[in-house]
Structure formats: structure tokens, C-alpha cells
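Have a look at the structure below before the remarks.
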Amino acid sequence: MKKKSIQTTLIHSDYQAPEGFAAFPAAIHHASTVLFENVAAMRSGQWKEKNAYTYGLHGTPTTFTLEARLAEIEGGNHCLLAPSGLAAISMVDFALLKTGDDVLLPDNVYNPNRELGRWLSNDFGVTARFYDPLIGAGIAELIQPNTKLIWTEAPGSVSMEVPDLPAICQAAHAKGVLVALDNTWSAGLALRGFDLGVDIVMQALTKYQSGGSDVLMGAVITRDRALNDRIALAHMRLGMGVSADDAYLVMRGLPSMKLRFDAHDASARKVAGWLKARPEISRVLHPALEDCPGHDIWRRDFSGAGGLFSVLFDARYTEEQTDRFVDSLKLFGLGYSWGGANSLVMPYRIQGMRRNWRDSGVLVRFNIGLEDPDDLVADLAQALANF
Ligand SMILES: *Cc1c(COP(=O)(O)O)cnc(C)c1O
């Protein structure tokens, strides 16, 4: 072959890296095209089997490694990555629901999941119905012959009710209905969804797994191979891909995740306990405290709590006042999401989000970060002193 031109040399390098490189982190593999050894290997490669690499969108050593580690943490066997937590939720819905089917969602569900339910109802001929998150075994009465999927969220990430997962799963399975759990609040560390009976666990890796407030990613984890394959088909058809760099960032967060989670948990309980004693606050909605609906279930099923909880201000305070309280916090950023080092605060108009919300006080949600909790308490005290 004649000497390559500079243009081709720019594309085909002769450099061969020394073999035998080993290090703790997984390598970051960037690829759209994945090269096959030969035509026979190309023809036998099956993206679904995960025993071969076929195309960047279907997985690389980087994403396969992250998927395996997430399945392990959750106690599952299979995992699929999605570009956000919400994408992971929609992937489950599009995999398991078709026109004429029915899906049940808790009334306290993550709001974009509620929006997705409404979209499915309005434009796709699927009915989405909302149930009381504390319904427990009573969900049996809502299950129709066309009900295919029940979403659960433990606890609901704004109003914090803790559902009775074993009771819901038992009622669902008696009628052949699948149960999906949004397990983001506990990061898969403090709640063993599969052991309680759920079929599908979804995680927003954006939160504790990343821990850096800098990545969006989601995961869907299953134990059952056939169920994984149904979701994998939707994953492929919808073209769900994640960036190799983002997958690496999430993997980088995993070794410290439990230490971070436990630190968030300890600080959040300290701050929640302090808020509970304040006259401005009527209720602290933290699953580890008795005020929280489903607290007994939390005690039975969970081994920890993480950093996210809400409070209800006494009804004598107007929204104008509580907005002033939020704006005068200095260590709490005003923003969505959680799971990072920085504490966050967010007021919610909960009365407009729920069907049967009785409390008239303003709801404010806190993500307790990794700052010294005494400094956070001091910040809350100065904001409460003058609002
Ligand atoms: C953040 C979150 C999601 C969605 O995750 P994104 O990556 O932000 O799309 C879903 N469910 C819960 C409970 C969440 O907190």
C-alpha cells in the first residue's frame, strides 16, 4: 500500500499504546460507531444480550460497568441508563403501556411524572388515575382489568407520605399488575425495593449517585430478565443514550455515596428536630418524625433517611412572609433537585398540586447538604427572626 496522505494519517494513526494499563477507575469510552472484528462478529452481535458491543447508543464498557454497579447496589440483576430521571420514568411507561391501558400514580408523585400521566391520558389513549399515597392494600379496589402498571414513590418527594409498598405490591400482583418504585429519595441505600416486592426500581442518578449537582441521568433496574427486555426494547426504540463523561462522573460518586448519604441523614434529622421545636412551624414532614404520614411504615421498611424533608408553616403566615423567609436564607440555594453538597430550599404551592390537601400552611422543602448543621440552623434562625 502506498504511503498514506496527511489527511488519512489524521484519521488512521499508527501509534500503539503499551498494553497492560490498570487503574481503579473505569475507562471513559467515547463511541458512536463500534468496530466489529469481521462480518461474522457484526452479524452475531446482539445488543440485547449485552455480550457484544454493537453501537454507542446500545452501550460501551463505561455504561455497561455503571449499569452493573447500579443493579448491584439496588439488589437487582439488570439496569438501563437514561439521560435523566424523568427519561427513565417515561421509558418505563412507553415500554409497558399501550392504547387502552390504565396506569395508577400516587397523588404525591414527582410532578413531571404526573404531567407525563396527563399527556398519556390526553394524547395516547392510556388512562392515568391518581390514588391516595397512603391507600395501602385498598389499592386493590382501584385495579381494573386494563390496569398494567402502578407507580409508587417512597416517600413522595414534596409532601413525604410513606407508602405501604408490601401491601400495594401484594394487591397488584394478585391481579397481575406490575409495580414500579421511584426510589430516588433513599438512593437505593435505605430502602430495598425488590425485597418488598416491587418489579421495577427507578433512580434519578442526578441526586445522590452523582452527588455533584452537575449531571443529569436516570436508571431503570429490574430483577426479571423478560421484564428488562421489554424495557430494553423501549430504551432502544426511543434512542436513550447517555454521555460517557457523565457516566464516568456518576461512577466517580458511587464509592462515597453511602458516607455522603449518612452525613446528609444525620444533619437533616438535626435540622428537622430544631425546626420542629419552632413556633413558626406547624408540622415537620420528615419520615423519621412522627408528624409525617406513614412514619410507622418508614420505621418498618427503611434503614435511613437522607437529606430531603419539608415543613409546613403555621397557617397564620402568608405566602409573602414565607417567601421573605426563603429569600433571606444565605446558606440555602433556591433551586430544584437535591443530593449535592449544597443545601437547597424550595417553597411549593402544595394546595394546587394535590386533590385533597387539607393543610392551609405554606410548604417549604429543604435539601440538607454537607455543610456543618449548626451553621444551617444558625442561618434558619436568622431568617426566622425577621420575616
Ligand atoms: C429528580 C427526580 C426525578 C427526575 O430526575 P431528573 O434527572 O431531574 O429528570 C424523578 N423522581 C424524583 C423523586 C426526583 O427527585
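The chains in the C-alpha cells are called A, B, ... from first to last as shown; in each chain the residues are counted from 1, and the ligands are counted from 1 in the order shown.
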Got a sec: who's within 10 Å of A:Tyr317, counting only C-alpha atoms, leaving out chain neighbours fewer than 3 positions off, as an MDAnalysis selection string? chainID A and resid 280:281 313:314 320:322 360:362 387
Find the residues near ligand 1. Use a cut-off of 10 Å, count only C-alpha atoms and all ligand atoms, and write them as a PyMOL selection string. chain A and resi 82-89+109-113+152-158+181-186+202-207+215-219+308+336-339
Could you please take those selected residues and save C-alpha atoms as a CSV table (one decimal), in the first residue's frame?
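The resulting result-v8.csv:
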chain,number,residue,atom,x,y,z
A,82,ALA,CA,-31.4,7.1,30.6
A,83,PRO,CA,-30.4,10.7,30.0
A,84,SER,CA,-32.4,11.9,33.1
A,85,GLY,CA,-34.5,10.5,35.9
A,86,LEU,CA,-37.6,11.7,34.0
A,87,ALA,CA,-36.4,9.9,30.8
A,88,ALA,CA,-36.1,6.7,32.9
A,89,ILE,CA,-39.7,7.2,34.1
A,109,VAL,CA,-46.0,11.7,42.7
A,110,TYR,CA,-43.0,13.7,41.3
A,111,ASN,CA,-44.8,16.4,39.4
A,112,PRO,CA,-43.3,15.8,35.9
A,113,ASN,CA,-44.4,12.1,36.3
A,152,THR,CA,-45.0,4.3,43.7
A,153,GLU,CA,-42.7,6.8,45.2
A,154,ALA,CA,-41.3,6.3,48.7
A,155,PRO,CA,-41.7,8.8,50.2
A,156,GLY,CA,-43.3,11.4,47.8
A,157,SER,CA,-40.6,13.9,47.4
A,158,VAL,CA,-42.5,17.1,48.3
A,181,LEU,CA,-40.9,2.3,42.5
A,182,ASP,CA,-39.2,5.8,42.2
A,183,ASN,CA,-36.6,5.1,44.9
A,184,THR,CA,-34.6,8.3,44.4
A,185,TRP,CA,-35.2,9.6,48.0
A,186,SER,CA,-33.3,6.6,49.5
A,202,MET,CA,-36.2,3.7,39.0
A,203,GLN,CA,-33.4,6.1,40.2
A,204,ALA,CA,-32.7,9.7,39.4
A,205,LEU,CA,-28.9,9.4,39.4
A,206,THR,CA,-28.9,13.2,39.2
A,207,LYS,CA,-29.3,13.2,43.0
A,215,VAL,CA,-25.1,15.6,36.0
A,216,LEU,CA,-28.5,14.5,34.8
A,217,MET,CA,-29.0,10.8,34.5
A,218,GLY,CA,-31.6,8.1,35.3
A,219,ALA,CA,-31.7,4.3,35.7
A,308,LEU,CA,-34.7,15.7,52.0
A,336,TYR,CA,-34.8,22.2,42.4
A,337,SER,CA,-33.2,18.8,42.9
A,338,TRP,CA,-31.1,17.5,45.8
A,339,GLY,CA,-28.3,15.1,46.7
For A:Arg225, which of A:Ala26, A:Val162, A:Leu81, A:Ile200 is the closest residue, counting only C-alpha atoms?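 Checking each candidate against A:Arg225, we get A:Ile200 as the closest.
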Nearest to A:Gly241, chosen from A:Gly253, A:Pro287, A:Gly59, A:Gly45, with only C-alpha atoms counted in the distances: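 Result for the nearest residue to A:Gly241: A:Gly59.
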Using atom CA of A:Ala140 and atom CA of A:Phe194 as the two end points, give the distance in Å to one decimal.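 The value is 20.0 Å.
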Stretch 268-329 of chain A: residues DSSP assigns to strand (DSSP E), reported as a ChimeraX atom specification: /A:281-285,308-313
Limited to all heavy atoms, could you put the picked residues into a file as a PDB file, in the first residue's frame?
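Now in selection_2.pdb:
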ATOM      1  N   ILE A 281     -43.392  26.884  62.858  1.00  0.00           N
ATOM      2  CA  ILE A 281     -43.579  25.679  62.041  1.00  0.00           C
ATOM      3  C   ILE A 281     -44.672  24.813  62.665  1.00  0.00           C
ATOM      4  O   ILE A 281     -44.586  24.455  63.842  1.00  0.00           O
ATOM      5  CB  ILE A 281     -42.251  24.863  61.995  1.00  0.00           C
ATOM      6  CG1 ILE A 281     -41.101  25.730  61.473  1.00  0.00           C
ATOM      7  CG2 ILE A 281     -42.411  23.583  61.172  1.00  0.00           C
ATOM      8  CD1 ILE A 281     -41.265  26.228  60.056  1.00  0.00           C
ATOM      9  N   SER A 282     -45.694  24.467  61.865  1.00  0.00           N
ATOM     10  CA  SER A 282     -46.781  23.656  62.438  1.00  0.00           C
ATOM     11  C   SER A 282     -46.471  22.159  62.329  1.00  0.00           C
ATOM     12  O   SER A 282     -46.811  21.399  63.218  1.00  0.00           O
ATOM     13  CB  SER A 282     -48.117  23.980  61.769  1.00  0.00           C
ATOM     14  OG  SER A 282     -48.109  23.591  60.414  1.00  0.00           O
ATOM     15  N   ARG A 283     -45.846  21.746  61.244  1.00  0.00           N
ATOM     16  CA  ARG A 283     -45.502  20.315  61.110  1.00  0.00           C
ATOM     17  C   ARG A 283     -44.204  20.162  60.356  1.00  0.00           C
ATOM     18  O   ARG A 283     -43.908  20.905  59.418  1.00  0.00           O
ATOM     19  CB  ARG A 283     -46.597  19.555  60.337  1.00  0.00           C
ATOM     20  CG  ARG A 283     -47.790  19.206  61.206  1.00  0.00           C
ATOM     21  CD  ARG A 283     -48.947  18.777  60.340  1.00  0.00           C
ATOM     22  NE  ARG A 283     -48.752  17.453  59.775  1.00  0.00           N
ATOM     23  CZ  ARG A 283     -49.400  17.004  58.696  1.00  0.00           C
ATOM     24  NH1 ARG A 283     -50.248  17.767  58.054  1.00  0.00           N
ATOM     25  NH2 ARG A 283     -49.177  15.790  58.256  1.00  0.00           N
ATOM     26  N   VAL A 284     -43.419  19.167  60.756  1.00  0.00           N
ATOM     27  CA  VAL A 284     -42.206  18.821  60.023  1.00  0.00           C
ATOM     28  C   VAL A 284     -42.470  17.481  59.334  1.00  0.00           C
ATOM     29  O   VAL A 284     -42.733  16.476  59.987  1.00  0.00           O
ATOM     30  CB  VAL A 284     -40.983  18.716  60.963  1.00  0.00           C
ATOM     31  CG1 VAL A 284     -39.748  18.310  60.171  1.00  0.00           C
ATOM     32  CG2 VAL A 284     -40.747  20.053  61.659  1.00  0.00           C
ATOM     33  N   LEU A 285     -42.440  17.512  58.012  1.00  0.00           N
ATOM     34  CA  LEU A 285     -42.744  16.305  57.226  1.00  0.00           C
ATOM     35  C   LEU A 285     -41.432  15.599  56.889  1.00  0.00           C
ATOM     36  O   LEU A 285     -40.910  15.702  55.780  1.00  0.00           O
ATOM     37  CB  LEU A 285     -43.525  16.691  55.969  1.00  0.00           C
ATOM     38  CG  LEU A 285     -44.830  17.449  56.243  1.00  0.00           C
ATOM     39  CD1 LEU A 285     -45.454  17.942  54.946  1.00  0.00           C
ATOM     40  CD2 LEU A 285     -45.817  16.586  57.028  1.00  0.00           C
ATOM     41  N   LEU A 308     -33.548  14.986  52.496  1.00  0.00           N
ATOM     42  CA  LEU A 308     -34.677  15.747  51.965  1.00  0.00           C
ATOM     43  C   LEU A 308     -35.907  15.659  52.862  1.00  0.00           C
ATOM     44  O   LEU A 308     -36.365  14.565  53.169  1.00  0.00           O
ATOM     45  CB  LEU A 308     -35.048  15.209  50.581  1.00  0.00           C
ATOM     46  CG  LEU A 308     -35.978  16.106  49.790  1.00  0.00           C
ATOM     47  CD1 LEU A 308     -35.200  17.225  49.130  1.00  0.00           C
ATOM     48  CD2 LEU A 308     -36.744  15.310  48.752  1.00  0.00           C
ATOM     49  N   PHE A 309     -36.449  16.809  53.265  1.00  0.00           N
ATOM     50  CA  PHE A 309     -37.708  16.822  54.032  1.00  0.00           C
ATOM     51  C   PHE A 309     -38.393  18.181  53.821  1.00  0.00           C
ATOM     52  O   PHE A 309     -37.801  19.098  53.240  1.00  0.00           O
ATOM     53  CB  PHE A 309     -37.442  16.555  55.521  1.00  0.00           C
ATOM     54  CG  PHE A 309     -36.735  17.667  56.233  1.00  0.00           C
ATOM     55  CD1 PHE A 309     -37.447  18.680  56.872  1.00  0.00           C
ATOM     56  CD2 PHE A 309     -35.343  17.730  56.257  1.00  0.00           C
ATOM     57  CE1 PHE A 309     -36.794  19.719  57.525  1.00  0.00           C
ATOM     58  CE2 PHE A 309     -34.684  18.762  56.905  1.00  0.00           C
ATOM     59  CZ  PHE A 309     -35.412  19.762  57.537  1.00  0.00           C
ATOM     60  N   SER A 310     -39.642  18.279  54.289  1.00  0.00           N
ATOM     61  CA  SER A 310     -40.411  19.516  54.130  1.00  0.00           C
ATOM     62  C   SER A 310     -40.962  19.971  55.477  1.00  0.00           C
ATOM     63  O   SER A 310     -41.036  19.180  56.419  1.00  0.00           O
ATOM     64  CB  SER A 310     -41.581  19.297  53.164  1.00  0.00           C
ATOM     65  OG  SER A 310     -41.100  18.953  51.882  1.00  0.00           O
ATOM     66  N   VAL A 311     -41.342  21.236  55.534  1.00  0.00           N
ATOM     67  CA  VAL A 311     -42.048  21.740  56.720  1.00  0.00           C
ATOM     68  C   VAL A 311     -43.302  22.472  56.260  1.00  0.00           C
ATOM     69  O   VAL A 311     -43.383  22.938  55.119  1.00  0.00           O
ATOM     70  CB  VAL A 311     -41.189  22.719  57.557  1.00  0.00           C
ATOM     71  CG1 VAL A 311     -39.916  22.050  58.051  1.00  0.00           C
ATOM     72  CG2 VAL A 311     -40.870  23.992  56.772  1.00  0.00           C
ATOM     73  N   LEU A 312     -44.276  22.556  57.166  1.00  0.00           N
ATOM     74  CA  LEU A 312     -45.446  23.390  56.936  1.00  0.00           C
ATOM     75  C   LEU A 312     -45.380  24.544  57.917  1.00  0.00           C
ATOM     76  O   LEU A 312     -45.240  24.334  59.139  1.00  0.00           O
ATOM     77  CB  LEU A 312     -46.728  22.585  57.164  1.00  0.00           C
ATOM     78  CG  LEU A 312     -47.064  21.589  56.061  1.00  0.00           C
ATOM     79  CD1 LEU A 312     -48.108  20.596  56.546  1.00  0.00           C
ATOM     80  CD2 LEU A 312     -47.559  22.321  54.818  1.00  0.00           C
ATOM     81  N   PHE A 313     -45.446  25.752  57.382  1.00  0.00           N
ATOM     82  CA  PHE A 313     -45.501  26.915  58.257  1.00  0.00           C
ATOM     83  C   PHE A 313     -46.894  27.010  58.869  1.00  0.00           C
ATOM     84  O   PHE A 313     -47.883  26.551  58.281  1.00  0.00           O
ATOM     85  CB  PHE A 313     -45.187  28.201  57.471  1.00  0.00           C
ATOM     86  CG  PHE A 313     -43.720  28.485  57.380  1.00  0.00           C
ATOM     87  CD1 PHE A 313     -42.929  27.813  56.480  1.00  0.00           C
ATOM     88  CD2 PHE A 313     -43.123  29.400  58.246  1.00  0.00           C
ATOM     89  CE1 PHE A 313     -41.562  28.047  56.419  1.00  0.00           C
ATOM     90  CE2 PHE A 313     -41.764  29.655  58.198  1.00  0.00           C
ATOM     91  CZ  PHE A 313     -40.972  28.978  57.286  1.00  0.00           C
TER      92      PHE A 313
END
Could you tell me how far atom CA of A:Leu363 lies from atom CA of A:Ala315, in Å and to one decimal?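 Calculated distance between atom CA of A:Leu363 and atom CA of A:Ala315 is 10.2 Å.
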Just asking: which residues within stretch 158-354 of chain A are helix (DSSP H, G or I) according to DSSP, as a PyMOL selection string? chain A and resi 165-174+184-186+194-196+225-237+244-276+295-301+319-327+350-353
Here is a test: counting only C-alpha atoms, which residue of A:Ser13, A:Ile221, A:Thr62, A:Thr54 is nearest to A:Leu80?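 Looking only at the distances to A:Leu80, the closest residue turns out to be A:Ile221.
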Taking 2 positions as the minimum chain separation for residues in the same chain, which residues sit within 7 Å of A:Trp151 when counting only C-alpha atoms? Answer as a count of residues only. 8
Grab the atom CA of A:Arg192 to atom CA of A:Ser303 distance for me, in Å with one decimal place. 9.1 Å
